[in-house]
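Participant: This is the content of input-v3.pdb (PDB, C-alpha atoms):
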```pdb
ATOM      1  CA  MET U   1     -10.802  10.192  -2.880
ATOM      2  CA  THR U   2      -9.276   9.399   0.489
ATOM      3  CA  ASN U   3      -8.044   6.040   0.572
ATOM      4  CA  SER U   4      -9.791   9.032  -0.659
ATOM      5  CA  LEU U   5     -10.401  12.457   0.653
ATOM      6  CA  ALA U   6     -11.333  10.541   3.770
ATOM      7  CA  PRO U   7      -9.180   9.021   6.494
ATOM      8  CA  ASP U   8      -7.373   6.028   5.002
ATOM      9  CA  GLN U   9      -9.629   3.156   5.940
ATOM     10  CA  GLU U  10      -6.764   0.696   5.465
ATOM     11  CA  ARG U  11      -5.210   2.120   8.650
ATOM     12  CA  ARG U  12      -8.036   0.664  10.696
ATOM     13  CA  ALA U  13      -8.123  -2.822  12.179
ATOM     14  CA  ALA U  14      -9.448  -5.473   9.821
ATOM     15  CA  PRO U  15     -13.172  -6.099  10.386
ATOM     16  CA  ALA U  16     -14.206  -9.551  11.586
ATOM     17  CA  GLY U  17     -17.506 -10.167   9.749
ATOM     18  CA  LYS U  18     -17.554 -11.793   6.322
ATOM     19  CA  ARG U  19     -19.560  -8.967   4.767
ATOM     20  CA  GLU U  20     -17.194  -6.366   6.163
ATOM     21  CA  ARG U  21     -14.166  -8.367   4.988
ATOM     22  CA  LEU U  22     -15.617  -8.574   1.499
ATOM     23  CA  VAL U  23     -16.219  -4.828   1.344
ATOM     24  CA  ALA U  24     -12.723  -4.074   2.659
ATOM     25  CA  ALA U  25     -11.143  -6.450   0.141
ATOM     26  CA  ALA U  26     -13.215  -5.007  -2.710
ATOM     27  CA  ARG U  27     -12.219  -1.476  -1.734
ATOM     28  CA  GLN U  28      -8.542  -2.397  -1.785
ATOM     29  CA  MET U  29      -8.709  -4.306  -5.055
ATOM     30  CA  PHE U  30     -10.805  -1.700  -6.863
ATOM     31  CA  HIS U  31      -8.203   0.869  -5.817
ATOM     32  CA  GLU U  32      -5.287  -1.290  -6.942
ATOM     33  CA  GLN U  33      -6.618  -2.580 -10.259
ATOM     34  CA  GLY U  34     -10.084  -1.165 -10.967
ATOM     35  CA  VAL U  35     -13.564  -2.659 -10.994
ATOM     36  CA  GLU U  36     -13.497  -4.335 -14.395
ATOM     37  CA  LYS U  37     -10.272  -6.243 -13.728
ATOM     38  CA  THR U  38     -11.476  -7.489 -10.344
ATOM     39  CA  SER U  39     -13.671 -10.562 -10.118
ATOM     40  CA  LEU U  40     -15.822 -11.697  -7.238
ATOM     41  CA  ALA U  41     -13.510 -14.698  -6.917
ATOM     42  CA  ASP U  42     -10.535 -12.328  -6.549
ATOM     43  CA  ILE U  43     -12.340 -10.410  -3.817
ATOM     44  CA  ALA U  44     -13.403 -13.569  -2.012
ATOM     45  CA  GLY U  45      -9.821 -14.827  -2.054
ATOM     46  CA  ARG U  46      -8.461 -11.555  -0.645
ATOM     47  CA  ALA U  47     -11.172 -11.537   2.037
ATOM     48  CA  GLY U  48     -10.666 -15.171   2.994
ATOM     49  CA  VAL U  49     -14.324 -15.952   2.265
ATOM     50  CA  PRO U  50     -15.499 -18.974   0.211
ATOM     51  CA  VAL U  51     -16.669 -17.831  -3.223
ATOM     52  CA  GLY U  52     -20.044 -19.473  -2.710
ATOM     53  CA  ASN U  53     -20.661 -17.325   0.369
ATOM     54  CA  VAL U  54     -20.273 -14.058  -1.545
ATOM     55  CA  PHE U  55     -23.740 -14.277  -3.057
ATOM     56  CA  TYR U  56     -25.309 -14.547   0.379
ATOM     57  CA  TYR U  57     -24.163 -10.983   1.035
ATOM     58  CA  PHE U  58     -24.017  -9.519  -2.478
ATOM     59  CA  LYS U  59     -26.146 -10.839  -5.329
ATOM     60  CA  THR U  60     -24.012  -9.094  -7.967
ATOM     61  CA  LYS U  61     -20.646  -7.378  -8.266
ATOM     62  CA  ASP U  62     -22.513  -4.091  -8.725
ATOM     63  CA  ALA U  63     -24.046  -4.549  -5.273
ATOM     64  CA  LEU U  64     -20.540  -4.867  -3.856
ATOM     65  CA  VAL U  65     -19.409  -1.785  -5.790
ATOM     66  CA  ALA U  66     -22.354   0.114  -4.296
ATOM     67  CA  ALA U  67     -21.294  -0.967  -0.800
ATOM     68  CA  VAL U  68     -17.761   0.321  -1.445
ATOM     69  CA  VAL U  69     -19.102   3.654  -2.668
ATOM     70  CA  ALA U  70     -21.363   3.918   0.388
ATOM     71  CA  GLY U  71     -18.331   3.293   2.576
ATOM     72  CA  TYR U  72     -16.469   6.134   0.906
ATOM     73  CA  GLU U  73     -19.412   8.461   1.476
ATOM     74  CA  ASN U  74     -19.579   7.481   5.151
ATOM     75  CA  ALA U  75     -15.839   8.095   5.450
ATOM     76  CA  ARG U  76     -16.188  11.490   3.770
ATOM     77  CA  VAL U  77     -18.858  12.524   6.263
ATOM     78  CA  ALA U  78     -16.751  11.262   9.170
ATOM     79  CA  LEU U  79     -13.719  13.171   7.899
ATOM     80  CA  GLY U  80     -15.760  16.358   7.606
ATOM     81  CA  GLN U  81     -17.020  15.956  11.142
ATOM     82  CA  ALA U  82     -13.475  15.407  12.427
ATOM     83  CA  LEU U  83     -12.133  18.436  10.568
ATOM     84  CA  ASP U  84     -15.045  20.582  11.747
ATOM     85  CA  ARG U  85     -13.708  20.286  15.281
ATOM     86  CA  ARG U  86     -10.850  22.582  14.310
ATOM     87  CA  ARG U  87     -11.401  26.182  15.301
ATOM     88  CA  THR U  88     -11.175  28.022  11.973
ATOM     89  CA  PRO U  89     -12.120  27.235   8.363
ATOM     90  CA  GLN U  90      -8.522  27.963   7.388
ATOM     91  CA  ALA U  91      -7.286  25.266   9.792
ATOM     92  CA  ARG U  92      -9.929  22.803   8.560
ATOM     93  CA  LEU U  93      -8.941  23.239   4.924
ATOM     94  CA  LYS U  94      -5.244  22.936   5.723
ATOM     95  CA  ALA U  95      -5.911  19.751   7.711
ATOM     96  CA  LEU U  96      -7.606  18.299   4.637
ATOM     97  CA  ILE U  97      -4.514  19.089   2.591
ATOM     98  CA  ARG U  98      -2.277  17.468   5.196
ATOM     99  CA  ASP U  99      -4.386  14.324   4.919
ATOM    100  CA  LEU U 100      -3.526  14.342   1.218
ATOM    101  CA  ALA U 101       0.190  14.686   1.991
ATOM    102  CA  ASP U 102       0.045  11.904   4.576
ATOM    103  CA  ARG U 103      -1.268   9.473   1.941
ATOM    104  CA  ARG U 104       1.141  10.471  -0.830
ATOM    105  CA  ASP U 105       2.760   7.027  -1.182
ATOM    106  CA  SER U 106      -0.553   5.216  -1.576
ATOM    107  CA  LEU U 107      -1.889   7.868  -3.950
ATOM    108  CA  ALA U 108       1.253   7.779  -6.082
ATOM    109  CA  ALA U 109       1.065   3.985  -6.247
ATOM    110  CA  HIS U 110      -2.610   3.651  -7.195
ATOM    111  CA  GLY U 111      -4.180   7.121  -7.550
ATOM    112  CA  CYS U 112      -7.077   8.526  -5.572
ATOM    113  CA  PRO U 113      -9.490   5.657  -4.856
ATOM    114  CA  VAL U 114     -12.651   7.744  -5.059
ATOM    115  CA  GLY U 115     -11.512   9.769  -8.070
ATOM    116  CA  SER U 116     -10.364   6.657  -9.922
ATOM    117  CA  LEU U 117     -13.556   4.780  -9.099
ATOM    118  CA  ALA U 118     -15.758   7.719 -10.113
ATOM    119  CA  CYS U 119     -13.844   8.019 -13.387
ATOM    120  CA  GLU U 120     -14.231   4.325 -14.168
ATOM    121  CA  LEU U 121     -17.927   4.297 -13.265
ATOM    122  CA  GLY U 122     -18.388   7.506 -15.265
ATOM    123  CA  LYS U 123     -18.218   5.377 -18.404
ATOM    124  CA  ARG U 124     -21.442   3.706 -17.316
ATOM    125  CA  ASP U 125     -24.972   5.017 -17.548
ATOM    126  CA  ASP U 126     -26.417   3.796 -14.269
ATOM    127  CA  ALA U 127     -26.949   4.751 -10.645
ATOM    128  CA  LEU U 128     -23.432   3.753  -9.598
ATOM    129  CA  HIS U 129     -21.982   6.597 -11.649
ATOM    130  CA  GLY U 130     -24.064   9.156  -9.792
ATOM    131  CA  GLN U 131     -23.334   7.615  -6.399
ATOM    132  CA  ALA U 132     -19.567   7.732  -6.891
ATOM    133  CA  ALA U 133     -19.703  11.275  -8.260
ATOM    134  CA  GLY U 134     -21.782  12.225  -5.225
ATOM    135  CA  VAL U 135     -18.834  11.555  -2.917
ATOM    136  CA  LEU U 136     -16.760  14.133  -4.782
ATOM    137  CA  SER U 137     -19.698  16.547  -4.877
ATOM    138  CA  GLY U 138     -20.029  16.180  -1.112
ATOM    139  CA  LEU U 139     -16.376  17.077  -0.645
ATOM    140  CA  ILE U 140     -16.773  20.138  -2.833
ATOM    141  CA  GLY U 141     -19.803  21.151  -0.778
ATOM    142  CA  TRP U 142     -17.867  20.816   2.477
ATOM    143  CA  ALA U 143     -14.983  22.891   1.119
ATOM    144  CA  GLN U 144     -17.438  25.500  -0.122
ATOM    145  CA  GLN U 145     -18.811  25.873   3.403
ATOM    146  CA  GLN U 146     -15.297  26.523   4.690
ATOM    147  CA  PHE U 147     -14.596  29.201   2.095
ATOM    148  CA  GLU U 148     -17.973  30.789   2.834
ATOM    149  CA  ALA U 149     -17.025  30.891   6.518
ATOM    150  CA  MET U 150     -13.884  32.750   5.441
ATOM    151  CA  GLY U 151     -16.131  35.387   3.883
ATOM    152  CA  ARG U 152     -15.395  34.474   0.269
ATOM    153  CA  GLY U 153     -18.048  35.377  -2.263
ATOM    154  CA  ASP U 154     -16.394  33.015  -4.737
ATOM    155  CA  ALA U 155     -16.570  30.072  -2.347
ATOM    156  CA  ARG U 156     -17.973  27.617  -4.902
ATOM    157  CA  GLU U 157     -15.239  28.358  -7.440
ATOM    158  CA  LEU U 158     -12.542  28.047  -4.787
ATOM    159  CA  ALA U 159     -13.954  24.730  -3.563
ATOM    160  CA  VAL U 160     -13.955  23.303  -7.077
ATOM    161  CA  ALA U 161     -10.381  24.531  -7.604
ATOM    162  CA  LEU U 162      -9.250  22.897  -4.365
ATOM    163  CA  VAL U 163     -10.776  19.496  -5.132
ATOM    164  CA  ALA U 164      -9.560  19.706  -8.744
ATOM    165  CA  ALA U 165      -6.019  20.328  -7.488
ATOM    166  CA  TYR U 166      -6.339  17.444  -5.022
ATOM    167  CA  GLU U 167      -7.556  15.020  -7.675
ATOM    168  CA  GLY U 168      -5.229  16.350 -10.362
ATOM    169  CA  VAL U 169      -2.031  15.957  -8.388
ATOM    170  CA  SER U 170      -3.102  12.459  -7.309
ATOM    171  CA  LEU U 171      -3.523  11.512 -10.962
ATOM    172  CA  LEU U 172      -0.217  13.077 -11.977
ATOM    173  CA  ALA U 173       1.723  11.520  -9.092
ATOM    174  CA  ASN U 174       0.291   8.121 -10.022
ATOM    175  CA  ALA U 175       1.097   8.542 -13.719
ATOM    176  CA  LEU U 176       4.670   9.632 -12.990
ATOM    177  CA  ALA U 177       5.146   7.420  -9.908
ATOM    178  CA  ASP U 178       6.319  10.475  -7.991
ATOM    179  CA  PRO U 179       4.881  11.061  -4.495
ATOM    180  CA  GLY U 180       7.033  14.179  -4.227
ATOM    181  CA  LEU U 181       4.564  15.947  -6.507
ATOM    182  CA  ILE U 182       1.901  15.537  -3.818
ATOM    183  CA  THR U 183       4.221  16.951  -1.161
ATOM    184  CA  ALA U 184       4.978  20.006  -3.288
ATOM    185  CA  GLU U 185       1.358  20.607  -4.249
ATOM    186  CA  SER U 186       0.201  20.197  -0.649
ATOM    187  CA  ARG U 187       2.597  22.934   0.449
ATOM    188  CA  ARG U 188       1.414  25.187  -2.369
ATOM    189  CA  LEU U 189      -2.223  24.655  -1.438
ATOM    190  CA  GLU U 190      -1.516  25.474   2.208
ATOM    191  CA  ARG U 191       0.137  28.754   1.143
ATOM    192  CA  TRP U 192      -2.835  29.461  -1.122
ATOM    193  CA  ILE U 193      -5.307  28.924   1.717
ATOM    194  CA  ASP U 194      -3.248  31.179   4.007
ATOM    195  CA  ALA U 195      -3.239  33.885   1.336
ATOM    196  CA  LEU U 196      -7.003  33.656   0.897
ATOM    197  CA  ALA U 197      -7.505  33.878   4.657
ATOM    198  CA  SER U 198      -5.287  36.952   4.849
ATOM    199  CA  GLU U 199      -7.534  38.689   2.318
ATOM    200  CA  ALA U 200     -10.546  38.397   4.652
ATOM    201  CA  THR U 201     -11.840  41.583   6.273
ATOM    202  CA  PRO U 202     -10.836  42.173   9.925
ATOM    203  CA  ALA U 203     -14.306  41.111  11.100
ATOM    204  CA  GLU U 204     -14.020  37.862   9.171
ATOM    205  CA  SER U 205     -10.382  37.111   9.826
ATOM    206  CA  THR U 206      -9.438  34.634  12.521
ATOM    207  CA  SER U 207      -6.125  33.169  13.468
ATOM    208  CA  SER U 208      -5.198  29.759  12.109
ATOM    209  CA  ALA U 209      -5.451  26.788  14.449
ATOM    210  CA  SER U 210      -2.841  24.449  13.116
TER     211      SER U 210
END
```
Mind turning this structure into structure tokens?
Facilitator:
Amino acid sequence: MTNSLAPDQERRAAPAGKRERLVAAARQMFHEQGVEKTSLADIAGRAGVPVGNVFYYFKTKDALVAAVVAGYENARVALGQALDRRRTPQARLKALIRDLADRRDSLAAHGCPVGSLACELGKRDDALHGQAAGVLSGLIGWAQQQFEAMGRGDARELAVALVAAYEGVSLLANALADPGLITAESRRLERWIDALASEATPAESTSSAS
């Protein structure tokens, strides 16, 4: 996801090192135009690094793709840790949805970076496919933990539904160039989470920390 289901890394200050600049440029270009349409020369140009220097850090384009995927996984873990500081699982899940709404323009322009990358790599039969899919699986696992904390016996199904909605509306908003779809779906998902929380037993129910 995240951009992805992680804090938008493009909001951060540009890294100074050549390797970090190459990874940041690759992440942006893979999001904008995909892996296959992006060459190492394109990435080097965006990063401001001589093409000949790229191979010092990354022997192949696949190695650079792997570094981008690893960055998404690190961002997913960091996002989970940040959200876990909120007091209730309901508040954590709603904060995730608000992150989606906050990135609606970028998602409508280019789609979800992790979802799009995982889909493109899904056409391959190699380790990169599994690594990209693992970022989405990790997000589902985190959401499942939140639904379990809400006392839901169907936590796995709910987690899959949440991530499917997140990825689905990103795809639709991109296809139709309509960020308003993300705004509307985010509001619906927040109401859905509130309704699920209200179904918890009194012992399980806690007030939302928005």
Participant: Between atom CA of U:Asp105 and atom CA of U:Lys123, what distance in Å does the model show, to one decimal?
Facilitator: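 Answer for the atom CA of U:Asp105 to atom CA of U:Lys123 separation: 27.2 Å.
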Participant: When distances are computed from all atoms listed in the file, which of U:His31, U:Arg152, U:Arg92, U:Lys37 shows the smallest separation from U:Ser198?
Facilitator: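 The shortest atom-to-atom distance to U:Ser198 comes from U:Arg152.
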Participant: What does the distance between atom CA of U:Leu196 and atom CA of U:Leu136 come to in Å, to one decimal place?
Facilitator: 22.6 Å
Participant: With distances taken over all atoms listed in the file, which of U:Gln90, U:Glu199, U:Met29, U:Leu40 is nearest to U:Gly153?
Facilitator: U:Glu199
Participant: Do you know which residues the PyMOL selection byres ((chain U and resi 186) around 12) returns on this file, as an NGL selection string?
Facilitator: :U and (93-104 or 162-163 or 165-170 or 179-185 or 187-193)
Participant: Identify which of the residues U:Ala44, U:Ala108, U:Ile140, U:Val160 lies closest to U:Val23, counting only C-alpha atoms when measuring atom-to-atom distances.
Facilitator: U:Ala44
Participant: Need to verify the contact set: U:Gly141, 12 Å, only C-alpha atoms, exclusion of same-chain residues closer than 5 positions in sequence. Can you return it as an MDAnalysis selection string?
Facilitator: chainID U and resid 76:77 80 134:136 146:148 155:160 162:163
Participant: Take the residues from that selection and write them out as an mmCIF file, keeping the file's coordinate frame, keeping C-alpha atoms.
Facilitator:
```cif
data_model
loop_
_atom_site.group_PDB
_atom_site.id
_atom_site.type_symbol
_atom_site.label_atom_id
_atom_site.label_comp_id
_atom_site.auth_asym_id
_atom_site.auth_seq_id
_atom_site.Cartn_x
_atom_site.Cartn_y
_atom_site.Cartn_z
ATOM 1 C CA ARG U 76 -16.188 11.490 3.770
ATOM 2 C CA VAL U 77 -18.858 12.524 6.263
ATOM 3 C CA GLY U 80 -15.760 16.358 7.606
ATOM 4 C CA GLY U 134 -21.782 12.225 -5.225
ATOM 5 C CA VAL U 135 -18.834 11.555 -2.917
ATOM 6 C CA LEU U 136 -16.760 14.133 -4.782
ATOM 7 C CA GLN U 146 -15.297 26.523 4.690
ATOM 8 C CA PHE U 147 -14.596 29.201 2.095
ATOM 9 C CA GLU U 148 -17.973 30.789 2.834
ATOM 10 C CA ALA U 155 -16.570 30.072 -2.347
ATOM 11 C CA ARG U 156 -17.973 27.617 -4.902
ATOM 12 C CA GLU U 157 -15.239 28.358 -7.440
ATOM 13 C CA LEU U 158 -12.542 28.047 -4.787
ATOM 14 C CA ALA U 159 -13.954 24.730 -3.563
ATOM 15 C CA VAL U 160 -13.955 23.303 -7.077
ATOM 16 C CA LEU U 162 -9.250 22.897 -4.365
ATOM 17 C CA VAL U 163 -10.776 19.496 -5.132
#
```
Participant: Please, what distance in Å, to one decimal, runs between atom CA of U:Ser116 and atom CA of U:Ser137?
Facilitator: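 Between these atoms lies a distance of 14.5 Å.
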Participant: Do you know which residues are at most 12 Å from U:Asp126 counting only C-alpha atoms, after dropping those on the same chain fewer than 6 positions away, and could you put them as a short mmCIF file (atom, residue, chain, number, x, y, z; two decimals) with C-alpha atoms, in the frame of the given file?
Facilitator:
```cif
data_model
loop_
_atom_site.label_atom_id
_atom_site.label_comp_id
_atom_site.auth_asym_id
_atom_site.auth_seq_id
_atom_site.Cartn_x
_atom_site.Cartn_y
_atom_site.Cartn_z
CA ASP U 62 -22.51 -4.09 -8.72
CA ALA U 66 -22.35 0.11 -4.30
CA ALA U 132 -19.57 7.73 -6.89
CA ALA U 133 -19.70 11.28 -8.26
#
```
Participant: What residues come out when you apply the PyMOL selection byres ((chain U and resi 57) around 12) to this file, written as a ChimeraX atom specification?
Facilitator: /U:17-23,40,44,49-56,58-61,63-64,67
Participant: Could you check which of U:Val65, U:Val35, U:Leu107, U:Ile43 is closest to U:Gln131, using only C-alpha atoms?
Facilitator: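 Among the listed residues, U:Val65 lies closest to U:Gln131.
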Participant: Nearest to U:Gly151: which of U:Pro89, U:Gly130, U:Pro113, U:Gly122 is it, counting all atoms listed in the file?
Facilitator: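 Smallest distance to U:Gly151 is found for U:Pro89.
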